[in-house]
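Colleague: Before anything else, here's the structure in question.
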Amino acid sequence: MTWELLTDPAEFDRAAGPYLCADRALHTVQLSVTAGLLLGEPRFAGTRARFGVWRDAAGRVAGTFLWTPPHTLYVSPLDEAAAGALVAALDGSFPAGVGGTAEGAAAVARAWARRRPGAVVERQLAQRLHRLGTLTPPRPGPGGRARVAGAADRELLVRWVLGFHADIGEEADAGHVERVVEGRLSYGGLTLWETPDGTPVSLAGVQRRTAGLVRVGPVYTPGEWRGRGFAAAVTAEVSRRAVEEGADEVVLFTDLSNATSNALYRRLGYRPRHDFTTWTFTG
């Protein structure tokens with residue numbers, strides 16, 4: 001059993017694509033990032049991505065990782081042997097941490113701590129992936145309407161996406177967020193909820209549909225507009241549109257520490273699918 005290390009997203013897609021697509025929801029991040037790299041999306045400008053495929057004794061793909069520095073490694077489910085071999089294979093490299101499925105990320109974090117005595121390994125974020133069952137829009141919903149964001153909204157969108165990252169405790173580079181927004185605008189991937197007088201009050205984004213799956217996020221409402229149903233309304237609208245436009249799976253991540261948002265998405269028809277974590281490495 002061994003890791004096959006790659007730097008070409010097309011080569012990774014050929015090697016790992018069938019494995020990732022066998023459970024699209026579980027591997028939504030690796031699928032969407034690989035698709036974005038292949039399309040040359042602005043958010044990946046200058047990125048030197050690295051990939052890995054873990055093969056079992058029969059040569060079958062049994063795990064994967066993807067790394068787009070300066071972001072953390074992102075891993076599929078990995079056992080202790082695969083995690084230990086991955087850390088050994090990356091010896092001399094210094095990722096900021098690891099994210100992915102809870103079991104896979106934790107196994108890599110433990111392996112990192114064993115191989116680098118004195119390093120500080122901390123769990124930073126716990127998330128839950130949800131999959132849409134039967135969509136149940138809020139009734140009654142708030143006044144207003146959804147509108148696909150356009151270029152004129154760019155400044156507002158950048159500010160709100162930065163606010164979203166601050167809310168979940170993530171550092172975000174403004175330049176990177178600007179590129180993310182630019183890419184999302186190119187395919188109508190950001191939607192605003194407006195009050196009847198045209199005031200934007202909430203935002204929901206969607207990743208480009210990949211392998212038939214759409215991932216919702218980010219969802220953000222500035223503090224002064226929270227608690228009025230706007231986030232539920234705009235999330236329901238982008239979820240409905242994703243299904244209408246051909247997605248056969250719609251998923252989203254929630255922060256496990258935010259009971260309000262977890263309850264909101266359950267009311268809309270999202271059901272728990274799998275837990276994910278992010279660990280940071282320092283020292």
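Here, A, B, ... name the chains of the structure tokens in the order displayed, residue numbers run from 1 inside each chain, and ligands are numbered from 1 in the same displayed order.
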Could you build a table of the residues in range 213-253 of chain A lying no more than 8 Å from range 157-177 of chain A, giving for each the nearest pair of atoms and their separation in Å rounded to one decimal place, using only C-alpha atoms, ordered by chain and ascending residue number, as CSV?
Modeller:
```
residue,atom,partner,partner_atom,distance
A:Pro218,CA,A:Phe164,CA,7.1
A:Val219,CA,A:Phe164,CA,7.6
A:Tyr220,CA,A:Phe164,CA,5.8
A:Thr221,CA,A:Trp160,CA,7.9
A:Pro222,CA,A:Trp160,CA,7.5
```
Colleague: Those same residues - C-alpha atoms - I'd like them written as a PDB file, in the first residue's frame.
Modeller:
```
ATOM      1  CA  PRO A 218     -21.452  30.512   2.211  1.00  0.00           C
ATOM      2  CA  VAL A 219     -24.691  31.654   3.833  1.00  0.00           C
ATOM      3  CA  TYR A 220     -24.320  34.999   5.607  1.00  0.00           C
ATOM      4  CA  THR A 221     -26.576  37.633   7.139  1.00  0.00           C
ATOM      5  CA  PRO A 222     -25.107  40.766   8.739  1.00  0.00           C
TER       6      PRO A 222
END
```
Colleague: Give me, as a Markdown table, the closest atom pair and its distance (Å, one decimal) for every residue of range 65-142 of chain A within a cut-off of 12 Å of range 53-58 of chain A, counting only C-alpha atoms, rows sorted by chain and rising number.
Modeller:
```
| residue | atom | partner | partner_atom | distance |
| --- | --- | --- | --- | --- |
| A:Phe65 | CA | A:Val53 | CA | 6.8 |
| A:Leu66 | CA | A:Val53 | CA | 9.1 |
| A:Val75 | CA | A:Val53 | CA | 10.2 |
| A:Ser76 | CA | A:Val53 | CA | 10.0 |
| A:Pro77 | CA | A:Trp54 | CA | 10.8 |
| A:Leu78 | CA | A:Trp54 | CA | 8.9 |
| A:Asp79 | CA | A:Trp54 | CA | 10.7 |
| A:Ala81 | CA | A:Trp54 | CA | 10.3 |
| A:Ala82 | CA | A:Trp54 | CA | 7.0 |
| A:Ala83 | CA | A:Trp54 | CA | 9.7 |
| A:Gly84 | CA | A:Trp54 | CA | 11.6 |
| A:Ala85 | CA | A:Trp54 | CA | 9.2 |
| A:Leu86 | CA | A:Trp54 | CA | 8.6 |
| A:Ala89 | CA | A:Trp54 | CA | 11.2 |
```
Colleague: Each residue of range 203-251 of chain A lying at most 12 Å from range 112-132 of chain A should get a row with its shortest atom-to-atom pair and the distance in Å to one decimal, counting only C-alpha atoms; could you produce that, ordered by chain and increasing number, as CSV?
Modeller:
```
residue,atom,partner,partner_atom,distance
A:Leu213,CA,A:Arg131,CA,10.2
A:Val214,CA,A:Arg131,CA,10.1
A:Arg215,CA,A:Arg131,CA,9.2
A:Val216,CA,A:His130,CA,10.0
A:Gly217,CA,A:Leu129,CA,11.5
A:Thr235,CA,A:Leu132,CA,11.4
A:Ala236,CA,A:Leu132,CA,10.4
A:Val238,CA,A:Leu132,CA,11.9
A:Ser239,CA,A:Leu132,CA,8.2
A:Arg240,CA,A:Leu132,CA,10.1
A:Ala242,CA,A:Leu132,CA,10.8
A:Val243,CA,A:Leu132,CA,9.8
A:Ala247,CA,A:Leu132,CA,10.9
A:Asp248,CA,A:Leu132,CA,9.7
A:Glu249,CA,A:Leu132,CA,7.0
A:Val250,CA,A:Leu132,CA,5.4
A:Val251,CA,A:Arg131,CA,4.4
```
Colleague: DSSP on the backbone: what in range 16-163 of chain A comes out alpha helix (DSSP H), as a PDB file with N, CA, C and O atoms, in the first residue's frame?
Modeller:
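Written out: states11.pdb:
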```
ATOM      1  N   ALA A  16      -8.279   9.499  -9.496  1.00  0.00           N
ATOM      2  CA  ALA A  16      -9.146   9.466  -8.316  1.00  0.00           C
ATOM      3  C   ALA A  16     -10.611   9.719  -8.632  1.00  0.00           C
ATOM      4  O   ALA A  16     -11.464   9.483  -7.764  1.00  0.00           O
ATOM      5  N   GLY A  17     -10.916  10.208  -9.823  1.00  0.00           N
ATOM      6  CA  GLY A  17     -12.286  10.591 -10.149  1.00  0.00           C
ATOM      7  C   GLY A  17     -13.327   9.533  -9.845  1.00  0.00           C
ATOM      8  O   GLY A  17     -14.329   9.815  -9.156  1.00  0.00           O
ATOM      9  N   PRO A  18     -13.156   8.288 -10.310  1.00  0.00           N
ATOM     10  CA  PRO A  18     -14.167   7.262 -10.018  1.00  0.00           C
ATOM     11  C   PRO A  18     -14.355   7.017  -8.520  1.00  0.00           C
ATOM     12  O   PRO A  18     -15.479   6.823  -8.043  1.00  0.00           O
ATOM     13  N   TYR A  19     -13.248   7.026  -7.768  1.00  0.00           N
ATOM     14  CA  TYR A  19     -13.342   6.842  -6.312  1.00  0.00           C
ATOM     15  C   TYR A  19     -14.114   7.999  -5.675  1.00  0.00           C
ATOM     16  O   TYR A  19     -15.013   7.782  -4.848  1.00  0.00           O
ATOM     17  N   LEU A  20     -13.803   9.235  -6.052  1.00  0.00           N
ATOM     18  CA  LEU A  20     -14.475  10.391  -5.470  1.00  0.00           C
ATOM     19  C   LEU A  20     -15.951  10.424  -5.850  1.00  0.00           C
ATOM     20  O   LEU A  20     -16.815  10.733  -5.024  1.00  0.00           O
ATOM     21  N   CYS A  21     -16.252  10.094  -7.096  1.00  0.00           N
ATOM     22  CA  CYS A  21     -17.635  10.151  -7.565  1.00  0.00           C
ATOM     23  C   CYS A  21     -18.497   9.022  -7.015  1.00  0.00           C
ATOM     24  O   CYS A  21     -19.728   9.097  -7.060  1.00  0.00           O
ATOM     25  N   THR A  28     -17.263  16.112  -1.721  1.00  0.00           N
ATOM     26  CA  THR A  28     -17.671  17.318  -2.433  1.00  0.00           C
ATOM     27  C   THR A  28     -16.562  18.354  -2.550  1.00  0.00           C
ATOM     28  O   THR A  28     -16.404  18.989  -3.587  1.00  0.00           O
ATOM     29  N   VAL A  29     -15.756  18.520  -1.504  1.00  0.00           N
ATOM     30  CA  VAL A  29     -14.714  19.559  -1.555  1.00  0.00           C
ATOM     31  C   VAL A  29     -13.625  19.176  -2.552  1.00  0.00           C
ATOM     32  O   VAL A  29     -13.210  19.998  -3.381  1.00  0.00           O
ATOM     33  N   GLN A  30     -13.149  17.940  -2.504  1.00  0.00           N
ATOM     34  CA  GLN A  30     -12.110  17.537  -3.447  1.00  0.00           C
ATOM     35  C   GLN A  30     -12.621  17.602  -4.886  1.00  0.00           C
ATOM     36  O   GLN A  30     -11.888  18.007  -5.796  1.00  0.00           O
ATOM     37  N   LEU A  31     -13.872  17.233  -5.102  1.00  0.00           N
ATOM     38  CA  LEU A  31     -14.429  17.295  -6.454  1.00  0.00           C
ATOM     39  C   LEU A  31     -14.531  18.734  -6.945  1.00  0.00           C
ATOM     40  O   LEU A  31     -14.163  19.041  -8.090  1.00  0.00           O
ATOM     41  N   SER A  32     -15.015  19.643  -6.107  1.00  0.00           N
ATOM     42  CA  SER A  32     -15.199  21.020  -6.551  1.00  0.00           C
ATOM     43  C   SER A  32     -13.866  21.741  -6.729  1.00  0.00           C
ATOM     44  O   SER A  32     -13.694  22.532  -7.668  1.00  0.00           O
ATOM     45  N   VAL A  33     -12.900  21.465  -5.852  1.00  0.00           N
ATOM     46  CA  VAL A  33     -11.589  22.108  -5.989  1.00  0.00           C
ATOM     47  C   VAL A  33     -10.885  21.602  -7.249  1.00  0.00           C
ATOM     48  O   VAL A  33     -10.308  22.388  -8.012  1.00  0.00           O
ATOM     49  N   THR A  34     -10.941  20.301  -7.487  1.00  0.00           N
ATOM     50  CA  THR A  34     -10.321  19.758  -8.698  1.00  0.00           C
ATOM     51  C   THR A  34     -10.959  20.348  -9.946  1.00  0.00           C
ATOM     52  O   THR A  34     -10.263  20.742 -10.905  1.00  0.00           O
ATOM     53  N   ALA A  35     -12.288  20.448  -9.954  1.00  0.00           N
ATOM     54  CA  ALA A  35     -12.976  21.041 -11.102  1.00  0.00           C
ATOM     55  C   ALA A  35     -12.563  22.493 -11.288  1.00  0.00           C
ATOM     56  O   ALA A  35     -12.341  22.953 -12.421  1.00  0.00           O
ATOM     57  N   GLY A  36     -12.442  23.232 -10.180  1.00  0.00           N
ATOM     58  CA  GLY A  36     -12.025  24.631 -10.276  1.00  0.00           C
ATOM     59  C   GLY A  36     -10.620  24.793 -10.813  1.00  0.00           C
ATOM     60  O   GLY A  36     -10.339  25.702 -11.606  1.00  0.00           O
ATOM     61  N   LEU A  37      -9.715  23.911 -10.396  1.00  0.00           N
ATOM     62  CA  LEU A  37      -8.349  23.952 -10.917  1.00  0.00           C
ATOM     63  C   LEU A  37      -8.327  23.649 -12.416  1.00  0.00           C
ATOM     64  O   LEU A  37      -7.620  24.313 -13.185  1.00  0.00           O
ATOM     65  N   LEU A  38      -9.109  22.659 -12.833  1.00  0.00           N
ATOM     66  CA  LEU A  38      -9.146  22.294 -14.253  1.00  0.00           C
ATOM     67  C   LEU A  38      -9.732  23.416 -15.101  1.00  0.00           C
ATOM     68  O   LEU A  38      -9.329  23.609 -16.254  1.00  0.00           O
ATOM     69  N   LEU A  39     -10.678  24.181 -14.532  1.00  0.00           N
ATOM     70  CA  LEU A  39     -11.301  25.287 -15.259  1.00  0.00           C
ATOM     71  C   LEU A  39     -10.488  26.574 -15.179  1.00  0.00           C
ATOM     72  O   LEU A  39     -10.824  27.553 -15.848  1.00  0.00           O
ATOM     73  N   GLU A  80      -5.254   4.661  10.055  1.00  0.00           N
ATOM     74  CA  GLU A  80      -3.994   5.074  10.687  1.00  0.00           C
ATOM     75  C   GLU A  80      -2.793   4.791   9.787  1.00  0.00           C
ATOM     76  O   GLU A  80      -1.851   5.589   9.729  1.00  0.00           O
ATOM     77  N   ALA A  81      -2.818   3.671   9.057  1.00  0.00           N
ATOM     78  CA  ALA A  81      -1.688   3.338   8.188  1.00  0.00           C
ATOM     79  C   ALA A  81      -1.553   4.354   7.068  1.00  0.00           C
ATOM     80  O   ALA A  81      -0.450   4.838   6.772  1.00  0.00           O
ATOM     81  N   ALA A  82      -2.668   4.703   6.444  1.00  0.00           N
ATOM     82  CA  ALA A  82      -2.625   5.671   5.346  1.00  0.00           C
ATOM     83  C   ALA A  82      -2.217   7.047   5.854  1.00  0.00           C
ATOM     84  O   ALA A  82      -1.448   7.763   5.201  1.00  0.00           O
ATOM     85  N   ALA A  83      -2.728   7.438   7.038  1.00  0.00           N
ATOM     86  CA  ALA A  83      -2.385   8.743   7.597  1.00  0.00           C
ATOM     87  C   ALA A  83      -0.898   8.818   7.933  1.00  0.00           C
ATOM     88  O   ALA A  83      -0.221   9.827   7.622  1.00  0.00           O
ATOM     89  N   GLY A  84      -0.366   7.775   8.552  1.00  0.00           N
ATOM     90  CA  GLY A  84       1.051   7.775   8.882  1.00  0.00           C
ATOM     91  C   GLY A  84       1.921   7.818   7.642  1.00  0.00           C
ATOM     92  O   GLY A  84       2.932   8.544   7.596  1.00  0.00           O
ATOM     93  N   ALA A  85       1.539   7.067   6.620  1.00  0.00           N
ATOM     94  CA  ALA A  85       2.300   7.065   5.376  1.00  0.00           C
ATOM     95  C   ALA A  85       2.219   8.415   4.679  1.00  0.00           C
ATOM     96  O   ALA A  85       3.182   8.853   4.033  1.00  0.00           O
ATOM     97  N   LEU A  86       1.088   9.096   4.801  1.00  0.00           N
ATOM     98  CA  LEU A  86       0.947  10.412   4.179  1.00  0.00           C
ATOM     99  C   LEU A  86       1.879  11.422   4.830  1.00  0.00           C
ATOM    100  O   LEU A  86       2.586  12.174   4.145  1.00  0.00           O
ATOM    101  N   VAL A  87       1.895  11.447   6.156  1.00  0.00           N
ATOM    102  CA  VAL A  87       2.784  12.382   6.854  1.00  0.00           C
ATOM    103  C   VAL A  87       4.244  12.099   6.502  1.00  0.00           C
ATOM    104  O   VAL A  87       5.046  13.014   6.296  1.00  0.00           O
ATOM    105  N   ALA A  88       4.604  10.820   6.403  1.00  0.00           N
ATOM    106  CA  ALA A  88       5.973  10.472   6.009  1.00  0.00           C
ATOM    107  C   ALA A  88       6.268  10.913   4.591  1.00  0.00           C
ATOM    108  O   ALA A  88       7.355  11.420   4.291  1.00  0.00           O
ATOM    109  N   ALA A  89       5.284  10.763   3.687  1.00  0.00           N
ATOM    110  CA  ALA A  89       5.485  11.139   2.284  1.00  0.00           C
ATOM    111  C   ALA A  89       5.650  12.635   2.125  1.00  0.00           C
ATOM    112  O   ALA A  89       6.314  13.100   1.193  1.00  0.00           O
ATOM    113  N   ALA A 102     -14.000  13.603   9.500  1.00  0.00           N
ATOM    114  CA  ALA A 102     -13.539  13.668  10.891  1.00  0.00           C
ATOM    115  C   ALA A 102     -12.511  12.592  11.193  1.00  0.00           C
ATOM    116  O   ALA A 102     -11.474  12.865  11.824  1.00  0.00           O
ATOM    117  N   GLU A 103     -12.766  11.356  10.735  1.00  0.00           N
ATOM    118  CA  GLU A 103     -11.844  10.278  11.045  1.00  0.00           C
ATOM    119  C   GLU A 103     -10.527  10.418  10.300  1.00  0.00           C
ATOM    120  O   GLU A 103      -9.447  10.180  10.859  1.00  0.00           O
ATOM    121  N   GLY A 104     -10.588  10.828   9.040  1.00  0.00           N
ATOM    122  CA  GLY A 104      -9.371  10.984   8.255  1.00  0.00           C
ATOM    123  C   GLY A 104      -8.510  12.125   8.750  1.00  0.00           C
ATOM    124  O   GLY A 104      -7.284  11.991   8.893  1.00  0.00           O
ATOM    125  N   ALA A 105      -9.131  13.286   9.025  1.00  0.00           N
ATOM    126  CA  ALA A 105      -8.369  14.437   9.502  1.00  0.00           C
ATOM    127  C   ALA A 105      -7.749  14.159  10.861  1.00  0.00           C
ATOM    128  O   ALA A 105      -6.593  14.521  11.126  1.00  0.00           O
ATOM    129  N   ALA A 106      -8.492  13.497  11.750  1.00  0.00           N
ATOM    130  CA  ALA A 106      -7.956  13.192  13.078  1.00  0.00           C
ATOM    131  C   ALA A 106      -6.781  12.219  12.986  1.00  0.00           C
ATOM    132  O   ALA A 106      -5.791  12.352  13.718  1.00  0.00           O
ATOM    133  N   ALA A 107      -6.871  11.245  12.083  1.00  0.00           N
ATOM    134  CA  ALA A 107      -5.771  10.289  11.924  1.00  0.00           C
ATOM    135  C   ALA A 107      -4.505  10.988  11.441  1.00  0.00           C
ATOM    136  O   ALA A 107      -3.399  10.704  11.914  1.00  0.00           O
ATOM    137  N   VAL A 108      -4.650  11.920  10.511  1.00  0.00           N
ATOM    138  CA  VAL A 108      -3.480  12.667  10.023  1.00  0.00           C
ATOM    139  C   VAL A 108      -2.923  13.559  11.127  1.00  0.00           C
ATOM    140  O   VAL A 108      -1.704  13.684  11.289  1.00  0.00           O
ATOM    141  N   ALA A 109      -3.811  14.210  11.896  1.00  0.00           N
ATOM    142  CA  ALA A 109      -3.348  15.061  12.988  1.00  0.00           C
ATOM    143  C   ALA A 109      -2.540  14.253  14.006  1.00  0.00           C
ATOM    144  O   ALA A 109      -1.489  14.702  14.494  1.00  0.00           O
ATOM    145  N   ARG A 110      -3.012  13.055  14.337  1.00  0.00           N
ATOM    146  CA  ARG A 110      -2.266  12.204  15.283  1.00  0.00           C
ATOM    147  C   ARG A 110      -0.916  11.805  14.693  1.00  0.00           C
ATOM    148  O   ARG A 110       0.114  11.816  15.387  1.00  0.00           O
ATOM    149  N   ALA A 111      -0.909  11.457  13.424  1.00  0.00           N
ATOM    150  CA  ALA A 111       0.344  11.052  12.782  1.00  0.00           C
ATOM    151  C   ALA A 111       1.326  12.219  12.739  1.00  0.00           C
ATOM    152  O   ALA A 111       2.537  12.034  12.927  1.00  0.00           O
ATOM    153  N   TRP A 112       0.818  13.411  12.494  1.00  0.00           N
ATOM    154  CA  TRP A 112       1.675  14.603  12.461  1.00  0.00           C
ATOM    155  C   TRP A 112       2.306  14.831  13.837  1.00  0.00           C
ATOM    156  O   TRP A 112       3.509  15.111  13.942  1.00  0.00           O
ATOM    157  N   ALA A 113       1.502  14.721  14.879  1.00  0.00           N
ATOM    158  CA  ALA A 113       2.005  14.934  16.231  1.00  0.00           C
ATOM    159  C   ALA A 113       3.061  13.894  16.595  1.00  0.00           C
ATOM    160  O   ALA A 113       4.062  14.214  17.255  1.00  0.00           O
ATOM    161  N   ARG A 114       2.857  12.647  16.168  1.00  0.00           N
ATOM    162  CA  ARG A 114       3.850  11.606  16.464  1.00  0.00           C
ATOM    163  C   ARG A 114       5.160  11.872  15.741  1.00  0.00           C
ATOM    164  O   ARG A 114       6.247  11.649  16.296  1.00  0.00           O
ATOM    165  N   ARG A 115       5.088  12.322  14.505  1.00  0.00           N
ATOM    166  CA  ARG A 115       6.295  12.480  13.704  1.00  0.00           C
ATOM    167  C   ARG A 115       7.045  13.767  14.035  1.00  0.00           C
ATOM    168  O   ARG A 115       8.248  13.854  13.796  1.00  0.00           O
ATOM    169  N   ARG A 154     -20.237  43.691  -6.261  1.00  0.00           N
ATOM    170  CA  ARG A 154     -18.942  43.110  -5.910  1.00  0.00           C
ATOM    171  C   ARG A 154     -18.429  43.562  -4.543  1.00  0.00           C
ATOM    172  O   ARG A 154     -18.008  42.742  -3.718  1.00  0.00           O
ATOM    173  N   GLU A 155     -18.428  44.857  -4.282  1.00  0.00           N
ATOM    174  CA  GLU A 155     -17.877  45.366  -3.022  1.00  0.00           C
ATOM    175  C   GLU A 155     -18.647  44.810  -1.827  1.00  0.00           C
ATOM    176  O   GLU A 155     -18.049  44.373  -0.827  1.00  0.00           O
ATOM    177  N   LEU A 156     -19.963  44.801  -1.915  1.00  0.00           N
ATOM    178  CA  LEU A 156     -20.787  44.252  -0.846  1.00  0.00           C
ATOM    179  C   LEU A 156     -20.492  42.767  -0.641  1.00  0.00           C
ATOM    180  O   LEU A 156     -20.352  42.292   0.490  1.00  0.00           O
ATOM    181  N   LEU A 157     -20.383  42.025  -1.727  1.00  0.00           N
ATOM    182  CA  LEU A 157     -20.153  40.587  -1.641  1.00  0.00           C
ATOM    183  C   LEU A 157     -18.823  40.271  -0.968  1.00  0.00           C
ATOM    184  O   LEU A 157     -18.736  39.373  -0.124  1.00  0.00           O
ATOM    185  N   VAL A 158     -17.775  40.981  -1.352  1.00  0.00           N
ATOM    186  CA  VAL A 158     -16.465  40.757  -0.737  1.00  0.00           C
ATOM    187  C   VAL A 158     -16.542  41.025   0.761  1.00  0.00           C
ATOM    188  O   VAL A 158     -16.035  40.243   1.583  1.00  0.00           O
ATOM    189  N   ARG A 159     -17.181  42.116   1.134  1.00  0.00           N
ATOM    190  CA  ARG A 159     -17.291  42.460   2.555  1.00  0.00           C
ATOM    191  C   ARG A 159     -18.063  41.401   3.323  1.00  0.00           C
ATOM    192  O   ARG A 159     -17.675  40.990   4.428  1.00  0.00           O
ATOM    193  N   TRP A 160     -19.129  40.899   2.727  1.00  0.00           N
ATOM    194  CA  TRP A 160     -19.940  39.902   3.428  1.00  0.00           C
ATOM    195  C   TRP A 160     -19.250  38.536   3.490  1.00  0.00           C
ATOM    196  O   TRP A 160     -19.373  37.839   4.496  1.00  0.00           O
ATOM    197  N   VAL A 161     -18.539  38.146   2.455  1.00  0.00           N
ATOM    198  CA  VAL A 161     -17.822  36.869   2.502  1.00  0.00           C
ATOM    199  C   VAL A 161     -16.704  36.943   3.555  1.00  0.00           C
ATOM    200  O   VAL A 161     -16.470  35.978   4.297  1.00  0.00           O
ATOM    201  N   LEU A 162     -16.033  38.078   3.650  1.00  0.00           N
ATOM    202  CA  LEU A 162     -15.046  38.255   4.716  1.00  0.00           C
ATOM    203  C   LEU A 162     -15.722  38.168   6.089  1.00  0.00           C
ATOM    204  O   LEU A 162     -15.173  37.573   7.031  1.00  0.00           O
ATOM    205  N   GLY A 163     -16.921  38.725   6.214  1.00  0.00           N
ATOM    206  CA  GLY A 163     -17.672  38.641   7.457  1.00  0.00           C
ATOM    207  C   GLY A 163     -18.041  37.216   7.809  1.00  0.00           C
ATOM    208  O   GLY A 163     -17.987  36.820   8.982  1.00  0.00           O
TER     209      GLY A 163
END
```
Colleague: Among range 22-137 of chain A, which residues carry a DSSP assignment of strand (DSSP E), reported as a PyMOL selection string?
Modeller: chain A and resi 50-55+61-67+73-75+97-101+120-132
Colleague: Quick one: residues within 7 Å of Val234 in chain A, only C-alpha atoms counted, chain neighbours fewer than 4 positions away excluded, as a VMD selection string?
Modeller: chain A and resid 146 192 to 193 203 to 204 230 238
Colleague: Could you turn the residues from that selection into a file that holds N, CA, C and O atoms, as an mmCIF file, in the first residue's frame?
Modeller:
```
data_model
loop_
_atom_site.group_PDB
_atom_site.id
_atom_site.type_symbol
_atom_site.label_atom_id
_atom_site.label_comp_id
_atom_site.auth_asym_id
_atom_site.auth_seq_id
_atom_site.Cartn_x
_atom_site.Cartn_y
_atom_site.Cartn_z
ATOM 1 N N ALA A 146 -35.505 37.044 -3.838
ATOM 2 C CA ALA A 146 -34.122 36.662 -4.128
ATOM 3 C C ALA A 146 -33.700 37.276 -5.449
ATOM 4 O O ALA A 146 -34.511 37.407 -6.375
ATOM 5 N N LEU A 192 -28.571 37.165 -3.505
ATOM 6 C CA LEU A 192 -28.922 38.055 -2.399
ATOM 7 C C LEU A 192 -30.418 37.994 -2.132
ATOM 8 O O LEU A 192 -31.219 37.852 -3.072
ATOM 9 N N TRP A 193 -30.782 38.115 -0.866
ATOM 10 C CA TRP A 193 -32.188 38.343 -0.519
ATOM 11 C C TRP A 193 -32.348 39.823 -0.244
ATOM 12 O O TRP A 193 -31.577 40.403 0.504
ATOM 13 N N LEU A 203 -27.157 36.641 2.113
ATOM 14 C CA LEU A 203 -26.410 36.107 0.976
ATOM 15 C C LEU A 203 -26.337 34.588 1.067
ATOM 16 O O LEU A 203 -26.131 34.034 2.142
ATOM 17 N N ALA A 204 -26.497 33.922 -0.071
ATOM 18 C CA ALA A 204 -26.228 32.482 -0.155
ATOM 19 C C ALA A 204 -25.479 32.223 -1.452
ATOM 20 O O ALA A 204 -25.840 32.740 -2.512
ATOM 21 N N PHE A 230 -34.332 35.713 6.895
ATOM 22 C CA PHE A 230 -33.749 35.996 5.578
ATOM 23 C C PHE A 230 -32.807 34.886 5.124
ATOM 24 O O PHE A 230 -32.809 34.496 3.947
ATOM 25 N N VAL A 238 -31.804 29.177 -3.299
ATOM 26 C CA VAL A 238 -30.688 28.634 -4.077
ATOM 27 C C VAL A 238 -30.761 27.106 -4.120
ATOM 28 O O VAL A 238 -30.353 26.492 -5.115
#
```
Colleague: Please compute the CA of Gly212 in chain A-CA of Ala10 in chain A distance, one decimal, in Å.
Modeller: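 Those two atoms sit 18.7 Å apart.
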Colleague: In Å to one decimal, how far is CA of Gly183 in chain A from CA of Arg209 in chain A?
Modeller: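 CA of Gly183 in chain A lies at a distance of 13.4 Å from CA of Arg209 in chain A.
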Colleague: May I have the residues within 10 Å of Pro142 in chain A as a list in words, using only C-alpha atoms and disregarding those fewer than 6 positions away in the same chain?
Modeller: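 So the residues in contact are Trp193, Glu194, Thr195, Pro196, Arg228, Gly229, Phe230, Ala231, Ala232, Ala233 and Val234 of chain A.
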Colleague: For CA of Arg241 in chain A and CA of Leu190 in chain A, quote the distance in Å rounded to one decimal.
Modeller: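 Interatomic distance here is 12.0 Å.
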